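Here is the file upload23.cif (mmCIF, C-alpha atoms).
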```cif
data_model
#
loop_
_atom_site.group_PDB
_atom_site.id
_atom_site.type_symbol
_atom_site.label_atom_id
_atom_site.label_comp_id
_atom_site.auth_asym_id
_atom_site.auth_seq_id
_atom_site.Cartn_x
_atom_site.Cartn_y
_atom_site.Cartn_z
ATOM 1 C CA MET B 1 1.611 12.764 12.547
ATOM 2 C CA ASN B 2 -1.173 12.104 10.109
ATOM 3 C CA ASP B 3 -4.606 13.591 10.755
ATOM 4 C CA ALA B 4 -5.887 10.224 11.959
ATOM 5 C CA PRO B 5 -6.981 10.049 15.584
ATOM 6 C CA ALA B 6 -4.451 8.907 18.152
ATOM 7 C CA GLN B 7 -5.993 5.430 18.262
ATOM 8 C CA GLY B 8 -5.287 4.720 14.596
ATOM 9 C CA PHE B 9 -6.734 4.516 11.111
ATOM 10 C CA ASP B 10 -10.100 2.919 11.817
ATOM 11 C CA ALA B 11 -12.680 2.685 9.025
ATOM 12 C CA GLY B 12 -15.061 4.973 10.904
ATOM 13 C CA TRP B 13 -12.471 7.742 10.968
ATOM 14 C CA LEU B 14 -11.721 7.296 7.278
ATOM 15 C CA ALA B 15 -15.421 7.607 6.459
ATOM 16 C CA LEU B 16 -15.746 10.713 8.628
ATOM 17 C CA ARG B 17 -12.833 12.492 6.990
ATOM 18 C CA GLU B 18 -13.563 11.484 3.372
ATOM 19 C CA PRO B 19 -15.936 14.377 2.531
ATOM 20 C CA PHE B 20 -13.384 16.870 3.864
ATOM 21 C CA ASP B 21 -10.632 15.192 1.857
ATOM 22 C CA ALA B 22 -12.728 15.330 -1.313
ATOM 23 C CA ALA B 23 -13.527 19.013 -0.833
ATOM 24 C CA ALA B 24 -9.897 19.909 -0.097
ATOM 25 C CA ARG B 25 -8.131 18.083 -2.920
ATOM 26 C CA ASP B 26 -6.781 20.196 -5.759
ATOM 27 C CA GLY B 27 -8.768 19.407 -8.907
ATOM 28 C CA ARG B 28 -6.170 20.828 -11.288
ATOM 29 C CA LEU B 29 -3.427 18.496 -10.064
ATOM 30 C CA ALA B 30 -5.826 15.539 -10.194
ATOM 31 C CA ALA B 31 -6.704 16.406 -13.805
ATOM 32 C CA CYS B 32 -3.023 16.617 -14.759
ATOM 33 C CA PHE B 33 -2.376 13.258 -13.111
ATOM 34 C CA VAL B 34 -5.265 11.643 -14.986
ATOM 35 C CA GLU B 35 -3.926 13.033 -18.261
ATOM 36 C CA ALA B 36 -0.431 11.703 -17.533
ATOM 37 C CA VAL B 37 -1.783 8.266 -16.580
ATOM 38 C CA ALA B 38 -3.829 8.010 -19.784
ATOM 39 C CA ALA B 39 -0.863 9.073 -21.937
ATOM 40 C CA ARG B 40 1.433 6.569 -20.249
ATOM 41 C CA ALA B 41 -1.091 3.774 -20.793
ATOM 42 C CA VAL B 42 -1.262 4.606 -24.509
ATOM 43 C CA ARG B 43 2.536 4.565 -24.803
ATOM 44 C CA ARG B 44 2.748 1.280 -22.928
ATOM 45 C CA GLN B 45 0.227 -0.356 -25.217
ATOM 46 C CA ALA B 46 2.005 0.972 -28.320
ATOM 47 C CA THR B 47 5.320 -0.372 -27.064
ATOM 48 C CA ASP B 48 4.174 -3.920 -26.363
ATOM 49 C CA GLY B 49 1.835 -4.081 -29.361
ATOM 50 C CA SER B 50 -1.128 -5.150 -27.275
ATOM 51 C CA VAL B 51 -4.746 -4.349 -27.770
ATOM 52 C CA PRO B 52 -6.009 -1.435 -25.634
ATOM 53 C CA GLN B 53 -5.713 -2.348 -21.986
ATOM 54 C CA ALA B 54 -6.882 -0.874 -18.727
ATOM 55 C CA CYS B 55 -4.927 1.904 -17.054
ATOM 56 C CA ARG B 56 -2.928 0.366 -14.224
ATOM 57 C CA LEU B 57 -2.745 2.210 -10.915
ATOM 58 C CA VAL B 58 -1.333 1.468 -7.464
ATOM 59 C CA ASP B 59 -2.677 3.166 -4.341
ATOM 60 C CA LEU B 60 -0.422 3.054 -1.274
ATOM 61 C CA ALA B 61 -1.847 3.122 2.259
ATOM 62 C CA ALA B 62 -5.192 2.738 0.524
ATOM 63 C CA GLY B 63 -7.517 2.503 3.533
ATOM 64 C CA THR B 64 -10.963 1.606 2.227
ATOM 65 C CA GLY B 65 -10.271 2.841 -1.313
ATOM 66 C CA ALA B 66 -10.940 6.578 -1.221
ATOM 67 C CA ASN B 67 -8.579 7.238 -4.128
ATOM 68 C CA VAL B 68 -10.501 4.802 -6.309
ATOM 69 C CA ARG B 69 -13.753 6.535 -5.457
ATOM 70 C CA LEU B 70 -12.337 9.948 -6.296
ATOM 71 C CA LEU B 71 -10.114 9.195 -9.278
ATOM 72 C CA ALA B 72 -11.623 6.234 -11.118
ATOM 73 C CA PRO B 73 -14.539 8.261 -12.549
ATOM 74 C CA ARG B 74 -12.042 10.877 -13.739
ATOM 75 C CA VAL B 75 -9.666 8.376 -15.324
ATOM 76 C CA GLY B 76 -12.513 6.741 -17.249
ATOM 77 C CA GLY B 77 -12.228 3.655 -19.433
ATOM 78 C CA GLY B 78 -10.988 0.315 -18.195
ATOM 79 C CA GLN B 79 -8.835 0.380 -15.087
ATOM 80 C CA ASP B 80 -6.816 -2.052 -12.971
ATOM 81 C CA TRP B 81 -6.194 -0.894 -9.394
ATOM 82 C CA LEU B 82 -3.972 -2.472 -6.765
ATOM 83 C CA LEU B 83 -4.813 -1.233 -3.254
ATOM 84 C CA VAL B 84 -1.908 -1.642 -0.820
ATOM 85 C CA ASP B 85 -2.365 -1.417 2.947
ATOM 86 C CA HIS B 86 -0.901 -3.097 6.029
ATOM 87 C CA ASP B 87 -4.175 -3.282 7.991
ATOM 88 C CA PRO B 88 -6.123 -6.529 7.403
ATOM 89 C CA VAL B 89 -9.310 -4.952 8.755
ATOM 90 C CA LEU B 90 -9.206 -2.156 6.193
ATOM 91 C CA ILE B 91 -8.262 -4.573 3.415
ATOM 92 C CA ALA B 92 -11.222 -6.764 4.296
ATOM 93 C CA ALA B 93 -13.519 -3.718 4.180
ATOM 94 C CA GLN B 94 -12.373 -2.526 0.747
ATOM 95 C CA PRO B 95 -14.622 -4.741 -1.454
ATOM 96 C CA ARG B 96 -17.719 -4.068 0.650
ATOM 97 C CA VAL B 97 -17.214 -0.302 0.785
ATOM 98 C CA LEU B 98 -16.371 -0.050 -2.912
ATOM 99 C CA ALA B 99 -19.285 -2.259 -3.965
ATOM 100 C CA ALA B 100 -21.689 -0.133 -1.902
ATOM 101 C CA TRP B 101 -20.280 3.034 -3.461
ATOM 102 C CA ALA B 102 -20.647 1.567 -6.949
ATOM 103 C CA ALA B 103 -24.221 0.500 -6.228
ATOM 104 C CA GLY B 104 -25.011 4.063 -5.221
ATOM 105 C CA HIS B 105 -24.049 5.104 -8.747
ATOM 106 C CA GLY B 106 -25.965 2.267 -10.370
ATOM 107 C CA TRP B 107 -22.810 0.389 -11.380
ATOM 108 C CA PRO B 108 -22.928 -3.401 -10.872
ATOM 109 C CA ALA B 109 -20.047 -4.937 -8.902
ATOM 110 C CA ARG B 110 -19.042 -8.583 -8.710
ATOM 111 C CA ALA B 111 -16.282 -10.762 -7.318
ATOM 112 C CA GLU B 112 -13.999 -12.234 -9.963
ATOM 113 C CA GLY B 113 -11.154 -14.355 -8.625
ATOM 114 C CA ASP B 114 -9.187 -12.203 -6.195
ATOM 115 C CA ALA B 115 -10.654 -8.964 -7.547
ATOM 116 C CA LEU B 116 -13.749 -6.822 -7.272
ATOM 117 C CA VAL B 117 -14.924 -5.794 -10.735
ATOM 118 C CA ILE B 118 -17.099 -2.714 -11.127
ATOM 119 C CA ASP B 119 -18.918 -2.490 -14.446
ATOM 120 C CA ALA B 120 -18.653 1.267 -14.946
ATOM 121 C CA PRO B 121 -20.240 2.795 -18.069
ATOM 122 C CA ALA B 122 -16.917 3.527 -19.821
ATOM 123 C CA GLY B 123 -15.304 0.172 -19.018
ATOM 124 C CA PRO B 124 -14.708 -2.294 -16.177
ATOM 125 C CA TRP B 125 -12.643 -1.386 -13.126
ATOM 126 C CA ARG B 126 -10.759 -4.343 -11.651
ATOM 127 C CA ILE B 127 -9.710 -3.712 -8.063
ATOM 128 C CA ARG B 128 -7.376 -6.003 -6.130
ATOM 129 C CA SER B 129 -6.081 -5.684 -2.572
ATOM 130 C CA VAL B 130 -2.767 -6.714 -1.072
ATOM 131 C CA ALA B 131 -1.502 -6.674 2.501
ATOM 132 C CA LEU B 132 1.998 -5.206 2.577
ATOM 133 C CA ASP B 133 4.079 -3.617 5.306
ATOM 134 C CA LEU B 134 5.549 -0.696 3.367
ATOM 135 C CA GLN B 135 8.255 -0.131 5.957
ATOM 136 C CA ARG B 136 9.714 -3.636 5.829
ATOM 137 C CA SER B 137 8.664 -4.714 2.362
ATOM 138 C CA LEU B 138 8.755 -1.688 0.064
ATOM 139 C CA ASP B 139 11.102 -3.597 -2.239
ATOM 140 C CA ARG B 140 8.343 -6.135 -2.877
ATOM 141 C CA LEU B 141 6.193 -3.460 -4.515
ATOM 142 C CA ASP B 142 6.397 -4.053 -8.271
ATOM 143 C CA LEU B 143 5.831 -0.865 -10.291
ATOM 144 C CA ASP B 144 6.822 -2.279 -13.684
ATOM 145 C CA GLY B 145 4.051 -1.606 -16.196
ATOM 146 C CA ILE B 146 2.201 0.674 -13.773
ATOM 147 C CA ASP B 147 0.736 3.890 -15.205
ATOM 148 C CA GLY B 148 0.295 5.851 -11.971
ATOM 149 C CA VAL B 149 0.869 5.748 -8.212
ATOM 150 C CA THR B 150 -1.362 7.470 -5.673
ATOM 151 C CA THR B 151 -1.286 7.897 -1.921
ATOM 152 C CA THR B 152 -3.273 10.040 0.492
ATOM 153 C CA ALA B 153 -2.575 11.269 4.027
ATOM 154 C CA PHE B 154 0.446 9.008 4.372
ATOM 155 C CA LEU B 155 3.805 10.608 3.601
ATOM 156 C CA ASP B 156 3.980 12.740 6.760
ATOM 157 C CA LEU B 157 4.248 9.456 8.688
ATOM 158 C CA VAL B 158 7.426 8.246 7.006
ATOM 159 C CA SER B 159 11.082 8.840 7.752
ATOM 160 C CA ASP B 160 13.740 10.519 5.648
ATOM 161 C CA ASP B 161 15.402 7.164 4.929
ATOM 162 C CA TRP B 162 12.135 5.586 3.811
ATOM 163 C CA LEU B 163 11.351 8.524 1.543
ATOM 164 C CA GLU B 164 14.728 8.101 -0.134
ATOM 165 C CA ARG B 165 13.942 4.467 -0.943
ATOM 166 C CA PHE B 166 10.468 5.389 -2.125
ATOM 167 C CA CYS B 167 11.833 8.027 -4.523
ATOM 168 C CA ASP B 168 14.265 5.491 -5.929
ATOM 169 C CA ARG B 169 11.349 3.155 -6.729
ATOM 170 C CA ILE B 170 9.231 5.880 -8.325
ATOM 171 C CA VAL B 171 12.052 7.212 -10.470
ATOM 172 C CA ALA B 172 13.265 3.763 -11.546
ATOM 173 C CA ALA B 173 9.758 3.006 -12.847
ATOM 174 C CA ARG B 174 9.352 6.528 -14.321
ATOM 175 C CA VAL B 175 5.797 6.542 -13.027
ATOM 176 C CA PRO B 176 3.562 9.575 -12.326
ATOM 177 C CA LEU B 177 2.803 10.162 -8.646
ATOM 178 C CA LEU B 178 -0.141 11.948 -7.026
ATOM 179 C CA ALA B 179 0.369 12.341 -3.265
ATOM 180 C CA THR B 180 -2.554 14.170 -1.689
ATOM 181 C CA LEU B 181 -3.472 15.596 1.696
ATOM 182 C CA THR B 182 -0.074 15.529 3.374
ATOM 183 C CA VAL B 183 -0.250 17.662 6.504
ATOM 184 C CA ASP B 184 1.940 20.778 6.482
ATOM 185 C CA GLY B 185 1.748 21.788 10.158
ATOM 186 C CA ARG B 186 -0.892 24.512 9.945
ATOM 187 C CA ARG B 187 -3.811 24.040 12.310
ATOM 188 C CA ASP B 188 -5.756 27.236 12.952
ATOM 189 C CA TRP B 189 -8.577 27.373 15.473
ATOM 190 C CA HIS B 190 -11.177 30.158 15.377
ATOM 191 C CA PRO B 191 -11.743 31.908 17.659
ATOM 192 C CA PRO B 192 -8.099 31.729 18.772
ATOM 193 C CA GLY B 193 -7.476 30.640 22.340
ATOM 194 C CA PRO B 194 -4.736 31.490 24.871
ATOM 195 C CA ASP B 195 -3.475 27.887 25.053
ATOM 196 C CA ASP B 196 -3.402 27.173 21.307
ATOM 197 C CA GLY B 197 0.341 27.828 21.136
ATOM 198 C CA SER B 198 1.171 25.347 23.886
ATOM 199 C CA LEU B 199 -0.990 22.734 22.254
ATOM 200 C CA ALA B 200 0.628 23.354 18.861
ATOM 201 C CA VAL B 201 4.126 22.830 20.282
ATOM 202 C CA ALA B 202 3.154 19.491 21.841
ATOM 203 C CA PHE B 203 1.310 18.431 18.698
ATOM 204 C CA GLU B 204 4.303 19.153 16.472
ATOM 205 C CA ARG B 205 6.568 17.173 18.792
ATOM 206 C CA HIS B 206 4.259 14.209 18.409
ATOM 207 C CA GLN B 207 4.101 14.614 14.609
ATOM 208 C CA GLN B 208 7.830 14.053 14.368
ATOM 209 C CA GLY B 209 7.852 10.890 16.475
ATOM 210 C CA ASP B 210 8.206 7.350 15.160
ATOM 211 C CA LYS B 211 5.010 6.112 13.444
ATOM 212 C CA GLY B 212 6.541 2.802 12.414
ATOM 213 C CA PHE B 213 8.933 4.127 9.763
ATOM 214 C CA GLY B 214 11.521 5.813 11.966
ATOM 215 C CA PRO B 215 11.448 9.524 12.943
ATOM 216 C CA SER B 216 8.570 11.038 10.965
ATOM 217 C CA LEU B 217 9.076 13.858 8.504
ATOM 218 C CA GLY B 218 5.736 15.298 9.574
ATOM 219 C CA PRO B 219 5.065 18.725 8.044
ATOM 220 C CA GLY B 220 8.379 18.586 6.163
ATOM 221 C CA ALA B 221 7.400 15.578 4.053
ATOM 222 C CA VAL B 222 6.236 17.388 0.906
ATOM 223 C CA ASP B 223 9.304 19.638 0.694
ATOM 224 C CA ALA B 224 11.583 16.647 1.251
ATOM 225 C CA LEU B 225 9.843 14.673 -1.493
ATOM 226 C CA VAL B 226 9.909 17.599 -3.928
ATOM 227 C CA ALA B 227 13.649 18.110 -3.389
ATOM 228 C CA ARG B 228 14.437 14.448 -3.987
ATOM 229 C CA LEU B 229 12.282 14.051 -7.061
ATOM 230 C CA GLN B 230 13.478 17.264 -8.673
ATOM 231 C CA ALA B 231 17.078 16.183 -8.087
ATOM 232 C CA ARG B 232 16.235 13.010 -10.035
ATOM 233 C CA GLY B 233 14.755 14.914 -12.971
ATOM 234 C CA TYR B 234 11.076 14.889 -12.096
ATOM 235 C CA ARG B 235 8.728 17.832 -12.595
ATOM 236 C CA THR B 236 6.667 18.684 -9.521
ATOM 237 C CA GLN B 237 3.655 20.851 -8.750
ATOM 238 C CA CYS B 238 2.137 21.511 -5.331
ATOM 239 C CA ALA B 239 -1.130 23.030 -4.195
ATOM 240 C CA LEU B 240 -2.834 23.721 -0.888
ATOM 241 C CA ALA B 241 -5.535 21.227 0.078
ATOM 242 C CA ASP B 242 -6.838 22.529 3.389
ATOM 243 C CA TRP B 243 -9.683 21.144 5.427
ATOM 244 C CA GLN B 244 -12.255 23.758 6.361
ATOM 245 C CA VAL B 245 -14.348 22.472 9.263
ATOM 246 C CA ASP B 246 -17.085 24.600 10.809
ATOM 247 C CA GLY B 247 -20.135 24.397 13.023
ATOM 248 C CA ALA B 248 -22.055 22.506 10.346
ATOM 249 C CA SER B 249 -19.822 19.495 11.097
ATOM 250 C CA PRO B 250 -19.879 19.084 14.898
ATOM 251 C CA ALA B 251 -18.875 15.408 14.823
ATOM 252 C CA MET B 252 -15.707 16.217 12.877
ATOM 253 C CA LEU B 253 -14.880 19.171 15.121
ATOM 254 C CA LEU B 254 -15.298 17.088 18.270
ATOM 255 C CA ARG B 255 -13.135 14.328 16.818
ATOM 256 C CA MET B 256 -10.396 16.810 15.996
ATOM 257 C CA VAL B 257 -10.595 18.413 19.447
ATOM 258 C CA GLU B 258 -10.310 15.001 21.104
ATOM 259 C CA GLU B 259 -7.399 14.018 18.872
ATOM 260 C CA CYS B 260 -5.427 17.190 19.473
ATOM 261 C CA ALA B 261 -5.851 17.033 23.233
ATOM 262 C CA ALA B 262 -4.949 13.339 23.404
ATOM 263 C CA VAL B 263 -1.847 13.834 21.275
ATOM 264 C CA ALA B 264 -0.736 16.855 23.303
ATOM 265 C CA ARG B 265 -1.126 14.960 26.605
ATOM 266 C CA GLU B 266 0.903 12.074 25.202
ATOM 267 C CA ALA B 267 3.685 14.373 24.000
ATOM 268 C CA ASP B 268 3.803 16.549 27.133
ATOM 269 C CA PRO B 269 2.111 14.785 30.074
ATOM 270 C CA ASP B 270 3.329 17.384 32.584
ATOM 271 C CA ARG B 271 0.971 19.913 30.988
ATOM 272 C CA ALA B 272 -2.049 17.626 30.929
ATOM 273 C CA PRO B 273 -4.196 19.968 33.111
ATOM 274 C CA LEU B 274 -3.669 22.791 30.589
ATOM 275 C CA PHE B 275 -4.660 20.528 27.714
ATOM 276 C CA ASP B 276 -7.706 19.353 29.672
ATOM 277 C CA ARG B 277 -8.856 22.967 30.012
ATOM 278 C CA TRP B 278 -8.228 23.587 26.332
ATOM 279 C CA GLU B 279 -10.266 20.507 25.402
ATOM 280 C CA ALA B 280 -13.183 21.515 27.640
ATOM 281 C CA LEU B 281 -13.310 24.988 26.079
ATOM 282 C CA ARG B 282 -13.092 23.697 22.498
ATOM 283 C CA ARG B 283 -15.722 21.018 23.150
ATOM 284 C CA ALA B 284 -18.157 23.650 24.382
ATOM 285 C CA GLN B 285 -17.473 25.814 21.335
ATOM 286 C CA ALA B 286 -17.931 22.875 18.953
ATOM 287 C CA GLN B 287 -21.224 21.962 20.576
ATOM 288 C CA SER B 288 -22.474 25.552 20.398
ATOM 289 C CA GLY B 289 -21.536 25.886 16.720
ATOM 290 C CA SER B 290 -19.049 28.720 17.295
ATOM 291 C CA LEU B 291 -15.843 26.787 16.499
ATOM 292 C CA ARG B 292 -14.047 26.675 13.154
ATOM 293 C CA LEU B 293 -10.862 24.858 12.197
ATOM 294 C CA CYS B 294 -8.518 25.001 9.216
ATOM 295 C CA VAL B 295 -6.104 22.074 8.885
ATOM 296 C CA GLY B 296 -3.312 22.682 6.394
ATOM 297 C CA HIS B 297 -2.492 20.046 3.772
ATOM 298 C CA ARG B 298 -0.649 19.986 0.483
ATOM 299 C CA ASP B 299 -1.176 17.971 -2.680
ATOM 300 C CA LEU B 300 1.801 17.004 -4.823
ATOM 301 C CA LEU B 301 1.931 15.924 -8.462
ATOM 302 C CA ALA B 302 5.235 14.511 -9.736
ATOM 303 C CA LEU B 303 5.884 13.569 -13.369
ATOM 304 C CA PRO B 304 8.951 12.283 -15.237
ATOM 305 C CA ALA B 305 10.829 15.111 -16.903
ATOM 306 C CA ARG B 306 10.208 13.743 -20.417
ATOM 307 C CA ASP B 307 8.049 11.137 -22.049
ATOM 308 C CA ASP B 308 9.411 7.652 -22.576
#
```
Final structure tokens representation of the file:
Amino acid sequence: MNDAPAQGFDAGWLALREPFDAAARDGRLAACFVEAVAARAVRRQATDGSVPQACRLVDLAAGTGANVRLLAPRVGGGQDWLLVDHDPVLIAAQPRVLAAWAAGHGWPARAEGDALVIDAPAGPWRIRSVALDLQRSLDRLDLDGIDGVTTTAFLDLVSDDWLERFCDRIVAARVPLLATLTVDGRRDWHPPGPDDGSLAVAFERHQQGDKGFGPSLGPGAVDALVARLQARGYRTQCALADWQVDGASPAMLLRMVEECAAVAREADPDRAPLFDRWEALRRAQAQSGSLRLCVGHRDLLALPARDD
């Protein structure tokens, strides 16, 4: 299961988690990805003889565009982003959220055809959105001429079969991939409680259920992706990207407590009274400022083994 609450990937949840995502991401892997994207764009332009063009990036399961907000300033220069998501509500929110973010930096944003264009200092960023069910329609995703693919908090939801098809697409296009904030199964509450183990067992059972892609890989997703990409000649690097949530963030702690208890009750309803007690204790601790939580994630950078 992804770290989203049991009720789904609503925009409010994405906004709540974004600061924790930004703090947890591994900056070194992001820098290496940006370097690879820029180099690929230069090679592409040299091959087709065109004038300098924007870097072209695709973000899968894009939500409201968090990867644009984090990576676009690092990539610099002109950019062309395609944000892919299945949720029409999130897709509809993308231009508004991104325009507000740009305005906060003093960068004008305007609608241009089907795109939002942000006039950043180093060059315009053209951002388009597309609704696509990645389970049923992955083959419709065109990666030809793309310089980089990103995704965040998504791959633990997918099945082994889907991941195989995804790797085939990445490798066929020889495109760099940055997959961030995939949960790895670690969830450490402080102070520890007597029922944490029971809750963890139920939570893990739920993580490996069907989230729309078949049986989920859950915490095994990063290792499965690394094995497949390395077998196809890709170079991979991984880094920890853990959330650290403490008493300074009571809203986030309460959300996580509610999520864990709800998921545990769904996975093991016979033990609902135990999970109710656990939730009551953790709520009180969150409200008093004595609760801390570490949620384990991993970032993955994958690059073709040699330059084109």
Which residues of stretch 115-199 of chain B sit at most 12 Å from stretch 81-96 of chain B, using only C-alpha atoms? Give each one's shortest atom pair and distance in Å (one decimal place), in chain and ascending residue order, as JSON lines.
```
{"residue": "B:Ala115", "atom": "CA", "partner": "B:Pro95", "partner_atom": "CA", "distance": 8.4}
{"residue": "B:Leu116", "atom": "CA", "partner": "B:Pro95", "partner_atom": "CA", "distance": 6.2}
{"residue": "B:Val117", "atom": "CA", "partner": "B:Pro95", "partner_atom": "CA", "distance": 9.3}
{"residue": "B:Ile118", "atom": "CA", "partner": "B:Pro95", "partner_atom": "CA", "distance": 10.2}
{"residue": "B:Pro124", "atom": "CA", "partner": "B:Trp81", "partner_atom": "CA", "distance": 11.0}
{"residue": "B:Trp125", "atom": "CA", "partner": "B:Trp81", "partner_atom": "CA", "distance": 7.5}
{"residue": "B:Arg126", "atom": "CA", "partner": "B:Trp81", "partner_atom": "CA", "distance": 6.2}
{"residue": "B:Ile127", "atom": "CA", "partner": "B:Trp81", "partner_atom": "CA", "distance": 4.7}
{"residue": "B:Arg128", "atom": "CA", "partner": "B:Leu82", "partner_atom": "CA", "distance": 4.9}
{"residue": "B:Ser129", "atom": "CA", "partner": "B:Leu83", "partner_atom": "CA", "distance": 4.7}
{"residue": "B:Val130", "atom": "CA", "partner": "B:Val84", "partner_atom": "CA", "distance": 5.2}
{"residue": "B:Ala131", "atom": "CA", "partner": "B:His86", "partner_atom": "CA", "distance": 5.1}
{"residue": "B:Leu132", "atom": "CA", "partner": "B:His86", "partner_atom": "CA", "distance": 5.0}
{"residue": "B:Asp133", "atom": "CA", "partner": "B:His86", "partner_atom": "CA", "distance": 5.1}
{"residue": "B:Leu134", "atom": "CA", "partner": "B:His86", "partner_atom": "CA", "distance": 7.4}
{"residue": "B:Gln135", "atom": "CA", "partner": "B:His86", "partner_atom": "CA", "distance": 9.6}
{"residue": "B:Arg136", "atom": "CA", "partner": "B:His86", "partner_atom": "CA", "distance": 10.6}
{"residue": "B:Ser137", "atom": "CA", "partner": "B:His86", "partner_atom": "CA", "distance": 10.4}
{"residue": "B:Leu138", "atom": "CA", "partner": "B:Val84", "partner_atom": "CA", "distance": 10.7}
{"residue": "B:Arg140", "atom": "CA", "partner": "B:Val84", "partner_atom": "CA", "distance": 11.4}
{"residue": "B:Leu141", "atom": "CA", "partner": "B:Val84", "partner_atom": "CA", "distance": 9.1}
{"residue": "B:Asp142", "atom": "CA", "partner": "B:Leu82", "partner_atom": "CA", "distance": 10.6}
{"residue": "B:Leu143", "atom": "CA", "partner": "B:Leu82", "partner_atom": "CA", "distance": 10.5}
{"residue": "B:Ile146", "atom": "CA", "partner": "B:Trp81", "partner_atom": "CA", "distance": 9.6}
{"residue": "B:Asp147", "atom": "CA", "partner": "B:Trp81", "partner_atom": "CA", "distance": 10.2}
{"residue": "B:Gly148", "atom": "CA", "partner": "B:Trp81", "partner_atom": "CA", "distance": 9.7}
{"residue": "B:Val149", "atom": "CA", "partner": "B:Leu82", "partner_atom": "CA", "distance": 9.6}
{"residue": "B:Thr150", "atom": "CA", "partner": "B:Leu83", "partner_atom": "CA", "distance": 9.7}
{"residue": "B:Thr151", "atom": "CA", "partner": "B:Val84", "partner_atom": "CA", "distance": 9.6}
{"residue": "B:Thr152", "atom": "CA", "partner": "B:Asp85", "partner_atom": "CA", "distance": 11.8}
{"residue": "B:Phe154", "atom": "CA", "partner": "B:Asp85", "partner_atom": "CA", "distance": 10.9}
```
Name the residues within 10 Å of (-1.2, 14.2, -14.8), counting only C-alpha atoms in the file's coordinates, and put them as a PyMOL selection string. chain B and resi 28-40+148+176-178+301-303
Output C-alpha atoms for every residue in the selection just made, as a compact mmCIF listing (two decimals), in the frame of the given file.
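Full text of out.txt as output:
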```txt
# COMPACT_ATOMS: atom_id res chain seq x y z
CA ARG B 28 -6.17 20.83 -11.29
CA LEU B 29 -3.43 18.50 -10.06
CA ALA B 30 -5.83 15.54 -10.19
CA ALA B 31 -6.70 16.41 -13.80
CA CYS B 32 -3.02 16.62 -14.76
CA PHE B 33 -2.38 13.26 -13.11
CA VAL B 34 -5.26 11.64 -14.99
CA GLU B 35 -3.93 13.03 -18.26
CA ALA B 36 -0.43 11.70 -17.53
CA VAL B 37 -1.78 8.27 -16.58
CA ALA B 38 -3.83 8.01 -19.78
CA ALA B 39 -0.86 9.07 -21.94
CA ARG B 40 1.43 6.57 -20.25
CA GLY B 148 0.30 5.85 -11.97
CA PRO B 176 3.56 9.57 -12.33
CA LEU B 177 2.80 10.16 -8.65
CA LEU B 178 -0.14 11.95 -7.03
CA LEU B 301 1.93 15.92 -8.46
CA ALA B 302 5.24 14.51 -9.74
CA LEU B 303 5.88 13.57 -13.37
```
For a quick check of understanding, using only C-alpha atoms, which of B:Pro215, B:Ala66, B:Arg174, B:His297 has the smallest distance to B:Ala11? B:Ala66
I'd like to see the residues matched by the PyMOL selection byres ((chain B and resi 153) around 9) on this file, and ideally I'd get them as a PyMOL selection string. chain B and resi 2-4+61+151-152+154-157+179-183+297
Exactly which residues make up the result of the PyMOL selection byres ((chain B and resi 228) around 12) on this file, given as a tab-separated table (two decimals) with C-alpha atoms, keeping the file's coordinate frame?
```
chain	number	residue	atom	x	y	z
B	160	ASP	CA	13.74	10.52	5.65
B	161	ASP	CA	15.40	7.16	4.93
B	163	LEU	CA	11.35	8.52	1.54
B	164	GLU	CA	14.73	8.10	-0.13
B	165	ARG	CA	13.94	4.47	-0.94
B	166	PHE	CA	10.47	5.39	-2.12
B	167	CYS	CA	11.83	8.03	-4.52
B	168	ASP	CA	14.26	5.49	-5.93
B	170	ILE	CA	9.23	5.88	-8.32
B	171	VAL	CA	12.05	7.21	-10.47
B	221	ALA	CA	7.40	15.58	4.05
B	222	VAL	CA	6.24	17.39	0.91
B	223	ASP	CA	9.30	19.64	0.69
B	224	ALA	CA	11.58	16.65	1.25
B	225	LEU	CA	9.84	14.67	-1.49
B	226	VAL	CA	9.91	17.60	-3.93
B	227	ALA	CA	13.65	18.11	-3.39
B	229	LEU	CA	12.28	14.05	-7.06
B	230	GLN	CA	13.48	17.26	-8.67
B	231	ALA	CA	17.08	16.18	-8.09
B	232	ARG	CA	16.24	13.01	-10.04
B	233	GLY	CA	14.76	14.91	-12.97
B	234	TYR	CA	11.08	14.89	-12.10
B	235	ARG	CA	8.73	17.83	-12.60
B	236	THR	CA	6.67	18.68	-9.52
B	302	ALA	CA	5.24	14.51	-9.74
```
Interatomic distance, atom CA of B:Arg283 to atom CA of B:Asp184 (Å, one decimal):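 Rounded to one decimal, the two atoms are 24.3 Å apart.
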Pick the closest to B:Leu274 from B:Glu18, B:Asp10, B:Glu112, B:Asp196: which is it, counting only C-alpha atoms?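 Looking only at the distances to B:Leu274, the closest residue turns out to be B:Asp196.
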Just say which residues the PyMOL selection byres ((chain B and resi 292) around 9) picks in this file, as a ChimeraX atom specification. /B:188-191,244-247,253,285-286,289-291,293-294
Let me know the centre plus edge lengths, in Å and rounded to one decimal, of a box with edges along x, y and z that contains all listed atoms of stretch 68-72 of chain B and is padded by 4 Å on every side, as JSON.
```
{"center_x": -11.9, "center_y": 7.4, "center_z": -8.3, "size_x": 11.6, "size_y": 13.1, "size_z": 13.7}
```
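Taking atom CA of B:Gly78 and atom CA of B:Arg298 as endpoints, the distance between them is 29.0 Å.
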